[in-house]
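Shown here: model-v2.txt, compact mmCIF, C-alpha atoms and all ligand atoms.
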```txt
# COMPACT_ATOMS: atom_id res chain seq x y z
CA MET A 761 0.00 0.00 0.00
CA THR A 762 1.47 3.32 -1.04
CA ARG A 763 0.77 6.18 1.37
CA ASP A 764 -0.49 9.52 0.11
CA PRO A 765 2.06 12.05 1.42
CA SER A 766 -0.41 14.93 0.94
CA ALA A 767 -2.71 13.28 3.50
CA ASP A 768 0.09 13.10 6.05
CA SER A 769 0.29 15.05 9.23
CA ARG A 770 4.00 14.69 9.76
CA ILE A 771 6.33 15.81 12.51
CA SER A 772 8.08 18.87 11.09
CA ALA A 773 11.63 20.08 11.53
CA GLU A 774 10.21 22.91 13.65
CA ASP A 775 8.48 20.33 15.91
CA ILE A 776 11.87 18.65 16.37
CA ARG A 777 13.56 21.99 17.18
CA ARG A 778 10.97 22.65 19.92
CA ARG A 779 11.87 19.35 21.64
CA LYS A 780 15.17 20.70 23.02
CA GLY A 781 15.59 19.45 26.59
CA GLY A 782 12.33 17.47 26.49
CA VAL A 783 11.49 13.81 25.98
CA PRO A 784 14.41 12.34 23.99
CA ILE A 785 13.91 12.41 20.22
CA VAL A 786 13.86 8.91 18.69
CA CYS A 787 15.65 8.68 15.34
CA LEU A 788 16.71 5.80 13.10
CA THR A 789 18.03 5.58 9.58
CA ALA A 790 15.75 4.10 6.91
CA TYR A 791 16.49 3.49 3.26
CA THR A 792 13.59 1.43 1.94
CA TYR A 793 9.78 1.38 1.78
CA PRO A 794 9.18 -1.70 3.99
CA ILE A 795 11.59 -0.56 6.69
CA ALA A 796 10.01 2.92 6.70
CA ARG A 797 6.57 1.26 7.12
CA LEU A 798 7.83 -0.76 10.09
CA LEU A 799 9.68 2.08 11.84
CA ASP A 800 7.30 5.00 11.24
CA PRO A 801 4.93 4.28 14.17
CA HIS A 802 7.85 4.13 16.62
CA VAL A 803 10.14 7.02 15.74
CA ASP A 804 10.07 10.81 15.57
CA LEU A 805 12.57 11.12 12.74
CA LEU A 806 13.76 8.90 9.90
CA LEU A 807 17.13 9.75 8.36
CA VAL A 808 17.83 8.59 4.84
CA GLY A 809 21.53 8.53 5.66
CA ASP A 810 24.31 8.39 3.11
CA SER A 811 25.32 5.29 5.10
CA VAL A 812 22.99 3.65 2.55
CA ALA A 813 26.01 3.54 0.24
CA MET A 814 27.76 1.17 2.67
CA VAL A 815 24.79 -0.63 4.21
CA LEU A 816 22.75 -1.45 1.10
CA HIS A 817 25.14 -0.85 -1.80
CA GLY A 818 28.33 -2.36 -0.36
CA HIS A 819 30.61 0.67 -0.81
CA ALA A 820 33.61 0.94 1.53
CA THR A 821 32.65 4.46 2.73
CA THR A 822 29.76 6.89 2.46
CA LEU A 823 31.63 8.59 -0.38
CA GLY A 824 29.92 6.03 -2.64
CA ALA A 825 26.57 7.83 -2.23
CA SER A 826 25.28 9.94 -5.13
CA LEU A 827 22.51 12.53 -5.29
CA GLU A 828 20.44 10.17 -7.45
CA MET A 829 20.90 7.35 -4.89
CA MET A 830 19.80 9.62 -2.01
CA ILE A 831 16.76 10.83 -3.94
CA ALA A 832 15.64 7.30 -4.90
CA HIS A 833 15.90 6.09 -1.28
CA GLY A 834 14.30 9.31 -0.01
CA GLN A 835 11.30 8.71 -2.28
CA ALA A 836 10.95 5.13 -1.00
CA VAL A 837 11.08 6.24 2.66
CA MET A 838 8.53 8.99 2.03
CA ARG A 839 6.17 6.44 0.41
CA GLY A 840 6.54 4.15 3.40
CA SER A 841 6.04 6.71 6.18
CA ALA A 842 3.23 8.99 7.24
CA LYS A 843 4.22 10.46 10.62
CA ALA A 844 7.99 10.76 10.96
CA CYS A 845 10.01 13.81 10.05
CA VAL A 846 12.05 12.53 7.07
CA VAL A 847 15.54 13.98 6.65
CA VAL A 848 17.67 13.12 3.59
CA ASP A 849 21.47 13.29 3.71
CA MET A 850 23.31 15.45 1.19
CA PRO A 851 25.99 13.19 -0.30
CA ALA A 852 29.66 14.16 -0.46
CA GLY A 853 30.37 16.28 -3.52
CA SER A 854 26.88 17.79 -3.69
CA TYR A 855 27.35 20.81 -1.39
CA GLU A 856 30.92 21.58 -0.28
CA ALA A 857 32.02 23.65 -3.29
CA SER A 858 29.75 26.66 -2.72
CA PRO A 859 26.48 27.83 -1.16
CA ALA A 860 24.97 27.91 -4.67
CA GLN A 861 25.88 24.25 -5.25
CA ALA A 862 24.44 23.33 -1.84
CA VAL A 863 21.16 25.17 -2.51
CA ALA A 864 20.75 23.51 -5.93
CA ALA A 865 21.26 20.01 -4.45
CA ALA A 866 19.04 20.65 -1.41
CA LYS A 867 16.23 21.95 -3.67
CA ARG A 868 16.48 18.85 -5.87
CA ILE A 869 16.28 16.56 -2.83
CA VAL A 870 13.26 18.33 -1.33
CA GLU A 871 11.41 18.79 -4.64
CA GLU A 872 11.96 15.21 -5.82
CA THR A 873 11.31 13.42 -2.50
CA GLY A 874 8.99 15.72 -0.53
CA CYS A 875 11.18 15.21 2.58
CA GLN A 876 11.02 17.61 5.54
CA ALA A 877 14.72 18.53 5.73
CA VAL A 878 18.25 17.79 4.54
CA LYS A 879 21.39 17.00 6.54
CA LEU A 880 24.97 17.91 5.77
CA GLU A 881 28.30 17.32 7.50
CA GLY A 882 30.53 20.15 8.71
CA GLY A 883 30.78 22.96 11.24
CA VAL A 884 32.52 26.30 10.76
CA ASP A 885 33.54 25.26 7.23
CA MET A 886 29.93 24.68 6.11
CA ALA A 887 28.23 27.65 7.82
CA SER A 888 27.55 29.53 4.59
CA GLN A 889 26.10 26.41 2.94
CA ILE A 890 23.73 25.85 5.89
CA ALA A 891 22.69 29.53 5.96
CA ALA A 892 22.06 29.58 2.19
CA ILE A 893 19.86 26.45 2.26
CA VAL A 894 17.91 27.72 5.30
CA ALA A 895 17.40 31.08 3.51
CA GLU A 896 15.59 29.11 0.77
CA GLY A 897 13.15 27.80 3.39
CA ILE A 898 14.66 24.30 3.56
CA PRO A 899 15.34 23.08 7.12
CA VAL A 900 18.88 21.77 7.69
CA MET A 901 20.19 19.28 10.24
CA GLY A 902 23.89 19.72 10.99
CA HIS A 903 26.40 16.92 11.66
CA ILE A 904 29.58 17.51 13.67
CA GLY A 905 32.16 15.42 15.52
CA LEU A 906 33.16 12.32 13.58
CA GLN A 907 32.16 13.04 9.98
CA PRO A 908 32.11 9.85 7.87
CA GLN A 909 32.44 11.82 4.62
CA SER A 910 35.89 12.97 5.88
CA VAL A 911 37.29 9.58 6.96
CA GLU A 912 39.73 9.37 4.07
CA LYS A 913 41.01 12.89 4.85
CA ASP A 914 41.09 12.12 8.62
CA GLY A 915 42.86 8.75 8.12
CA GLY A 916 40.04 6.64 9.57
CA TYR A 917 37.10 6.75 11.98
CA LYS A 918 38.65 8.77 14.85
CA ILE A 919 36.76 9.64 18.04
CA LYS A 920 36.59 13.42 18.56
CA GLY A 921 36.94 15.56 21.66
CA ARG A 922 40.06 13.97 23.13
CA THR A 923 42.12 17.20 23.30
CA GLN A 924 41.36 20.68 24.62
CA ASP A 925 41.92 22.16 21.13
CA ASN A 926 39.53 19.69 19.58
CA ILE A 927 36.89 20.35 22.28
CA ALA A 928 37.15 24.10 21.60
CA ALA A 929 36.77 23.45 17.85
CA LEU A 930 33.68 21.28 18.46
CA LEU A 931 32.07 23.94 20.66
CA ARG A 932 32.71 26.50 17.92
CA ASP A 933 31.28 24.13 15.26
CA ALA A 934 28.12 23.63 17.31
CA GLU A 935 27.68 27.39 17.86
CA VAL A 936 28.19 28.18 14.19
CA VAL A 937 25.82 25.45 12.97
CA GLU A 938 23.15 26.83 15.32
CA ALA A 939 23.81 30.43 14.28
CA ALA A 940 23.57 29.43 10.60
CA GLY A 941 20.00 28.29 11.26
CA ALA A 942 20.15 24.50 11.60
CA PHE A 943 17.12 23.06 13.44
CA SER A 944 19.17 20.30 15.09
CA VAL A 945 22.64 18.79 14.95
CA VAL A 946 23.94 15.21 14.92
CA ILE A 947 26.93 14.67 17.21
CA GLU A 948 28.80 11.56 16.13
CA GLY A 949 31.74 9.65 17.64
CA THR A 950 32.59 12.12 20.40
CA MET A 951 33.77 11.61 23.99
CA GLU A 952 30.71 11.29 26.23
CA ALA A 953 31.44 14.29 28.47
CA VAL A 954 32.09 16.47 25.41
CA ALA A 955 28.83 15.44 23.74
CA ALA A 956 27.01 16.36 26.97
CA LYS A 957 28.81 19.71 27.08
CA LEU A 958 27.89 20.41 23.44
CA THR A 959 24.25 19.60 24.25
CA HIS A 960 24.19 22.19 27.05
CA HIS A 961 26.08 24.68 24.88
CA VAL A 962 23.46 25.07 22.10
CA SER A 963 19.75 25.75 22.08
CA ILE A 964 18.97 23.36 19.20
CA PRO A 965 18.49 19.63 19.85
CA THR A 966 21.58 17.43 19.63
CA ILE A 967 21.11 13.92 18.23
CA GLY A 968 23.79 11.54 19.47
CA ILE A 969 25.40 8.52 17.83
CA GLY A 970 28.39 7.21 19.73
CA ALA A 971 27.95 10.30 21.90
CA SER A 972 25.99 10.57 25.18
CA ALA A 973 22.61 9.74 26.76
CA ASP A 974 22.53 13.46 27.65
CA CYS A 975 21.95 14.34 23.99
CA ASP A 976 18.42 15.52 23.16
CA GLY A 977 17.88 12.45 20.97
CA GLN A 978 19.59 9.33 19.69
CA ILE A 979 20.09 7.81 16.26
CA LEU A 980 21.41 4.44 15.09
CA VAL A 981 21.79 2.87 11.67
CA ILE A 982 18.80 0.54 11.34
CA ASP A 983 20.78 -2.44 10.04
CA ASP A 984 23.18 -2.18 13.00
CA MET A 985 20.31 -1.91 15.50
CA VAL A 986 18.49 -5.03 14.27
CA GLY A 987 21.64 -7.14 13.90
CA MET A 988 21.76 -7.19 10.09
CA THR A 989 25.25 -5.75 9.75
CA VAL A 990 27.52 -8.40 8.30
CA ASP A 991 30.82 -6.56 8.67
CA ARG A 992 32.23 -4.81 11.77
CA VAL A 993 29.64 -3.53 14.26
CA PRO A 994 30.81 -0.29 15.94
CA LYS A 995 31.22 -0.27 19.77
CA PHE A 996 28.42 2.27 20.24
CA VAL A 997 25.80 0.02 18.61
CA LYS A 998 23.33 -1.94 20.71
CA GLU A 999 21.77 -4.83 18.76
CA TYR A 1000 18.08 -5.10 19.72
CA ALA A 1001 17.52 -8.11 17.43
CA ASN A 1002 19.56 -10.70 15.55
CA LEU A 1003 18.22 -10.67 12.00
CA ARG A 1004 21.57 -11.97 10.69
CA GLY A 1005 20.91 -15.19 12.59
CA ALA A 1006 17.21 -15.31 11.65
CA ILE A 1007 17.95 -14.83 7.92
CA ALA A 1008 20.81 -17.34 7.86
CA ASP A 1009 18.59 -19.87 9.68
CA ALA A 1010 15.67 -19.30 7.26
CA ALA A 1011 17.99 -19.62 4.24
CA ALA A 1012 19.51 -22.85 5.60
CA ARG A 1013 16.08 -24.40 6.29
CA TYR A 1014 14.79 -23.33 2.84
CA ALA A 1015 17.89 -24.79 1.15
CA ALA A 1016 17.47 -28.10 2.99
CA GLU A 1017 13.75 -28.31 2.07
CA VAL A 1018 14.37 -27.49 -1.61
CA ARG A 1019 17.10 -30.13 -1.78
CA SER A 1020 14.90 -32.76 -0.10
CA ARG A 1021 11.83 -31.70 -2.18
CA ALA A 1022 9.91 -30.94 1.04
CA PHE A 1023 9.27 -27.48 -0.41
CA PRO A 1024 6.94 -26.67 -2.08
CA GLY A 1025 4.55 -28.88 -0.07
CA PRO A 1026 0.79 -29.34 -0.59
CA GLY A 1027 -0.03 -25.94 0.93
CA HIS A 1028 2.13 -24.03 -1.54
CA VAL A 1029 1.08 -25.52 -4.89
CA PHE A 1030 -2.03 -25.34 -7.11
CA THR A 1031 -3.60 -28.76 -7.40
CA THR A 1032 -7.20 -28.49 -8.68
CA ALA A 1033 -9.13 -26.52 -11.30
CA SER A 1034 -12.02 -25.93 -8.82
CA GLY A 1035 -11.02 -22.33 -8.13
CA LYS A 1036 -10.78 -23.17 -4.43
CA ASP A 1037 -6.99 -23.21 -4.42
CA LYS A 1038 -5.23 -20.74 -2.19
CA THR A 1039 -3.52 -17.94 -4.13
O1 LIG B 1 24.45 8.42 7.17
C1 LIG B 1 24.07 8.16 8.32
O2 LIG B 1 23.52 7.08 8.59
C2 LIG B 1 24.29 9.16 9.35
C3 LIG B 1 23.98 8.77 10.76
C4 LIG B 1 25.00 7.83 11.23
C5 LIG B 1 23.83 9.94 11.64
O3 LIG B 1 24.72 10.22 9.07
```
Take the structure from the file and write it as structure tokens.
Amino acid sequence: MTRDPSADSRISAEDIRRRKGGVPIVCLTAYTYPIARLLDPHVDLLLVGDSVAMVLHGHATTLGASLEMMIAHGQAVMRGSAKACVVVDMPAGSYEASPAQAVAAAKRIVEETGCQAVKLEGGVDMASQIAAIVAEGIPVMGHIGLQPQSVEKDGGYKIKGRTQDNIAALLRDAEVVEAAGAFSVVIEGTMEAVAAKLTHHVSIPTIGIGASADCDGQILVIDDMVGMTVDRVPKFVKEYANLRGAIADAAARYAAEVRSRAFPGPGHVFTTASGKDKT
């Protein structure tokens, strides 16, 4: 069943902004229609993260995401959700060059998906991009701390906030992202006490991932959270289910039944012309 987005009464970016200091904001990534259908009743915000490049497309980093990929997954998540605030990530290469480039990409994402907001990575260095997109009436979620789009430049996934200089830079990033007009900011891979300090430092909600329970909300990658991740699972992930095991078990049982001709059995074949067969 495809939902009619025009009939939706969705949580808006402004609703999320107003939740600073309140009941924690529940966020998960989603990339597909069925997962959006399953998550929508339970979450406040669905992020179509550029992690889709790694999680669903098998790229080594998020740099494998393209604008077209983000738009296609954004459309699927919008079709599968009715309540959540849907935020679509701006992929690397679509916004860093100039505010004009950022505005053009953000407009394409919003016009072609109908999502509520876009997200981009960067602090002080991306202030003019955030301000330019917000000036066009498109809500922006910031993303500071560990920035996966910069892992090649940074030489790996490095936890932030370990030195006084780095803490000062993070505080400045958070201030600037807020001043540029972002409605919220993801804080990723940052020392717990620093993430808490950042949360108290700004008046927009902070959404933590590998950060702190003091953040105004939390986000995890859906495949990590349900135990579908087949490669390395980061330390900050809590697996609430083991779908890896469930899928491997189902595949093994199916394979055994196909090989022994136990499947398809009488209940899964058409045997009469009476019209009474199950379809
Ligand atoms: O792409 C993504 O999934 C993200 C989250 C990890 C915040 O940016």
Could the residues of chain A that have an atom at most 7 Å from ligand LIG 1 (chain B) be listed as JSON lines, each with its closest atom pair and the distance in Å to one decimal, counting only C-alpha atoms and all ligand atoms and ordered by chain and ascending residue number?
```
{"residue": "A:Thr789", "atom": "CA", "partner": "B:LIG1", "partner_atom": "O2", "distance": 5.8}
{"residue": "A:Leu807", "atom": "CA", "partner": "B:LIG1", "partner_atom": "O2", "distance": 6.9}
{"residue": "A:Val808", "atom": "CA", "partner": "B:LIG1", "partner_atom": "O2", "distance": 7.0}
{"residue": "A:Gly809", "atom": "CA", "partner": "B:LIG1", "partner_atom": "O1", "distance": 3.3}
{"residue": "A:Asp810", "atom": "CA", "partner": "B:LIG1", "partner_atom": "O1", "distance": 4.1}
{"residue": "A:Ser811", "atom": "CA", "partner": "B:LIG1", "partner_atom": "O1", "distance": 3.9}
{"residue": "A:Val812", "atom": "CA", "partner": "B:LIG1", "partner_atom": "O1", "distance": 6.8}
{"residue": "A:Asp849", "atom": "CA", "partner": "B:LIG1", "partner_atom": "O1", "distance": 6.7}
{"residue": "A:Val946", "atom": "CA", "partner": "B:LIG1", "partner_atom": "C5", "distance": 6.2}
{"residue": "A:Glu948", "atom": "CA", "partner": "B:LIG1", "partner_atom": "C5", "distance": 6.9}
{"residue": "A:Ile969", "atom": "CA", "partner": "B:LIG1", "partner_atom": "C5", "distance": 6.5}
{"residue": "A:Ile979", "atom": "CA", "partner": "B:LIG1", "partner_atom": "C5", "distance": 6.3}
{"residue": "A:Leu980", "atom": "CA", "partner": "B:LIG1", "partner_atom": "C4", "distance": 6.3}
{"residue": "A:Val981", "atom": "CA", "partner": "B:LIG1", "partner_atom": "O2", "distance": 5.5}
```
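Atom pair CA of Val990 in chain A / CA of Leu806 in chain A has a distance of 22.2 Å (rounded to one decimal).
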(request) For a cut-off of 10 Å around (4.5, 1.7, 4.6), file coordinates, pick out all residues using all atoms listed in the file and list them as a list in words. (result)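 Returned residue set, sorted by chain then number, is Met761, Thr762, Arg763, Thr792, Tyr793, Pro794, Ile795, Ala796, Arg797, Leu798, Leu799, Asp800, Pro801, Ala836, Val837, Met838, Arg839, Gly840, Ser841 and Ala842 of chain A.
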(request) Dump as an NGL selection string all residues having an atom at most 12 Å from (9.9, 17.1, 3.0), computed in the file's coordinates with all atoms listed in the file. (result) :A and (765-766 or 768-773 or 805-808 or 831 or 834-835 or 837-839 or 841-848 or 866-878 or 897-900)
(request) For each of A:Glu774, A:Glu896, A:Glu952, A:Asp984, take the minimum atom-to-atom distance to Gly970 in chain A, counting all atoms listed in the file, then give the residue where this is smallest. (result)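 So, comparing all the options, the nearest one is A:Glu952.
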(request) Tell me, in Å to one decimal, how far CA of Gln978 in chain A is from CA of Glu828 in chain A. (result) 27.2 Å
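Here CA of Ala820 in chain A is placed at a distance of 13.9 Å from CA of Ala852 in chain A.
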(message) Calculated over only C-alpha atoms, which of the candidates A:Ala953, A:Ala1008, A:Ala934, A:Ala891 has the smallest distance to Arg922 in chain A?
(response)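 Checking each of A:Ala953, A:Ala1008, A:Ala934, A:Ala891 against Arg922 in chain A, counting only C-alpha atoms, the winner is A:Ala953.
In this comparison, which uses all atoms listed in the file, the residue of A:Ile947, A:Ile919, A:Val937, A:Ala862 approaching Ile904 in chain A most closely is A:Ile947.
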(message) Under the rule that only C-alpha atoms are counted, which of A:Ser888, A:Ser944, A:Lys879, A:Leu788 is the nearest residue to Ala857 in chain A?
(response) A:Ser888
(message) Let me make sure I understand: among A:Pro908, A:Gly1005, A:Gly1027, A:Gly941, which one has the smallest atom-to-atom distance to Met814 in chain A if we use only C-alpha atoms?
(response) A:Pro908
(request) Give the answer as one residue: which of A:Val803, A:Met988, A:Leu931, A:Met850 has the shortest atom-to-atom distance to Leu1003 in chain A, using only C-alpha atoms? (result)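 Among A:Val803, A:Met988, A:Leu931, A:Met850, it is A:Met988 that comes nearest to Leu1003 in chain A.
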What would range 894-910 of chain A look like with N, CA, C and O atoms in place, written as a PDB file, in the frame of the given file?
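So selection.pdb came out as:
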```pdb
ATOM      1  N   VAL A 894      18.974  27.277   4.382  1.00  0.00           N
ATOM      2  CA  VAL A 894      17.910  27.720   5.300  1.00  0.00           C
ATOM      3  C   VAL A 894      17.206  28.960   4.721  1.00  0.00           C
ATOM      4  O   VAL A 894      15.976  29.084   4.798  1.00  0.00           O
ATOM      5  N   ALA A 895      17.985  29.851   4.102  1.00  0.00           N
ATOM      6  CA  ALA A 895      17.400  31.080   3.510  1.00  0.00           C
ATOM      7  C   ALA A 895      16.407  30.738   2.403  1.00  0.00           C
ATOM      8  O   ALA A 895      15.518  31.530   2.092  1.00  0.00           O
ATOM      9  N   GLU A 896      16.536  29.545   1.816  1.00  0.00           N
ATOM     10  CA  GLU A 896      15.590  29.110   0.770  1.00  0.00           C
ATOM     11  C   GLU A 896      14.364  28.434   1.381  1.00  0.00           C
ATOM     12  O   GLU A 896      13.524  27.875   0.675  1.00  0.00           O
ATOM     13  N   GLY A 897      14.303  28.399   2.717  1.00  0.00           N
ATOM     14  CA  GLY A 897      13.150  27.800   3.390  1.00  0.00           C
ATOM     15  C   GLY A 897      13.266  26.295   3.576  1.00  0.00           C
ATOM     16  O   GLY A 897      12.274  25.616   3.883  1.00  0.00           O
ATOM     17  N   ILE A 898      14.476  25.750   3.376  1.00  0.00           N
ATOM     18  CA  ILE A 898      14.660  24.300   3.560  1.00  0.00           C
ATOM     19  C   ILE A 898      15.360  24.062   4.895  1.00  0.00           C
ATOM     20  O   ILE A 898      16.486  24.526   5.104  1.00  0.00           O
ATOM     21  N   PRO A 899      14.702  23.345   5.825  1.00  0.00           N
ATOM     22  CA  PRO A 899      15.340  23.080   7.120  1.00  0.00           C
ATOM     23  C   PRO A 899      16.586  22.194   6.964  1.00  0.00           C
ATOM     24  O   PRO A 899      16.598  21.261   6.153  1.00  0.00           O
ATOM     25  N   VAL A 900      17.609  22.508   7.758  1.00  0.00           N
ATOM     26  CA  VAL A 900      18.880  21.770   7.690  1.00  0.00           C
ATOM     27  C   VAL A 900      19.217  21.193   9.066  1.00  0.00           C
ATOM     28  O   VAL A 900      19.144  21.887  10.084  1.00  0.00           O
ATOM     29  N   MET A 901      19.627  19.920   9.054  1.00  0.00           N
ATOM     30  CA  MET A 901      20.190  19.280  10.240  1.00  0.00           C
ATOM     31  C   MET A 901      21.707  19.284  10.051  1.00  0.00           C
ATOM     32  O   MET A 901      22.195  18.901   8.983  1.00  0.00           O
ATOM     33  N   GLY A 902      22.428  19.734  11.080  1.00  0.00           N
ATOM     34  CA  GLY A 902      23.890  19.720  10.990  1.00  0.00           C
ATOM     35  C   GLY A 902      24.447  18.371  11.409  1.00  0.00           C
ATOM     36  O   GLY A 902      23.709  17.486  11.867  1.00  0.00           O
ATOM     37  N   HIS A 903      25.748  18.203  11.272  1.00  0.00           N
ATOM     38  CA  HIS A 903      26.400  16.920  11.660  1.00  0.00           C
ATOM     39  C   HIS A 903      27.852  17.251  11.966  1.00  0.00           C
ATOM     40  O   HIS A 903      28.626  17.572  11.055  1.00  0.00           O
ATOM     41  N   ILE A 904      28.211  17.177  13.255  1.00  0.00           N
ATOM     42  CA  ILE A 904      29.580  17.510  13.670  1.00  0.00           C
ATOM     43  C   ILE A 904      30.184  16.356  14.476  1.00  0.00           C
ATOM     44  O   ILE A 904      29.518  15.368  14.750  1.00  0.00           O
ATOM     45  N   GLY A 905      31.448  16.519  14.856  1.00  0.00           N
ATOM     46  CA  GLY A 905      32.160  15.420  15.520  1.00  0.00           C
ATOM     47  C   GLY A 905      32.772  14.548  14.438  1.00  0.00           C
ATOM     48  O   GLY A 905      33.341  15.056  13.465  1.00  0.00           O
ATOM     49  N   LEU A 906      32.651  13.227  14.616  1.00  0.00           N
ATOM     50  CA  LEU A 906      33.160  12.320  13.580  1.00  0.00           C
ATOM     51  C   LEU A 906      32.278  12.496  12.337  1.00  0.00           C
ATOM     52  O   LEU A 906      31.059  12.339  12.408  1.00  0.00           O
ATOM     53  N   GLN A 907      32.913  12.823  11.218  1.00  0.00           N
ATOM     54  CA  GLN A 907      32.160  13.040   9.980  1.00  0.00           C
ATOM     55  C   GLN A 907      32.583  11.985   8.960  1.00  0.00           C
ATOM     56  O   GLN A 907      33.673  12.059   8.391  1.00  0.00           O
ATOM     57  N   PRO A 908      31.716  10.970   8.739  1.00  0.00           N
ATOM     58  CA  PRO A 908      32.110   9.850   7.870  1.00  0.00           C
ATOM     59  C   PRO A 908      32.556  10.270   6.470  1.00  0.00           C
ATOM     60  O   PRO A 908      33.371   9.584   5.858  1.00  0.00           O
ATOM     61  N   GLN A 909      32.022  11.400   5.963  1.00  0.00           N
ATOM     62  CA  GLN A 909      32.440  11.820   4.620  1.00  0.00           C
ATOM     63  C   GLN A 909      33.909  12.282   4.604  1.00  0.00           C
ATOM     64  O   GLN A 909      34.496  12.460   3.544  1.00  0.00           O
ATOM     65  N   SER A 910      34.492  12.496   5.807  1.00  0.00           N
ATOM     66  CA  SER A 910      35.890  12.970   5.880  1.00  0.00           C
ATOM     67  C   SER A 910      36.849  11.880   6.330  1.00  0.00           C
ATOM     68  O   SER A 910      37.994  12.178   6.649  1.00  0.00           O
TER      69      SER A 910
END
```
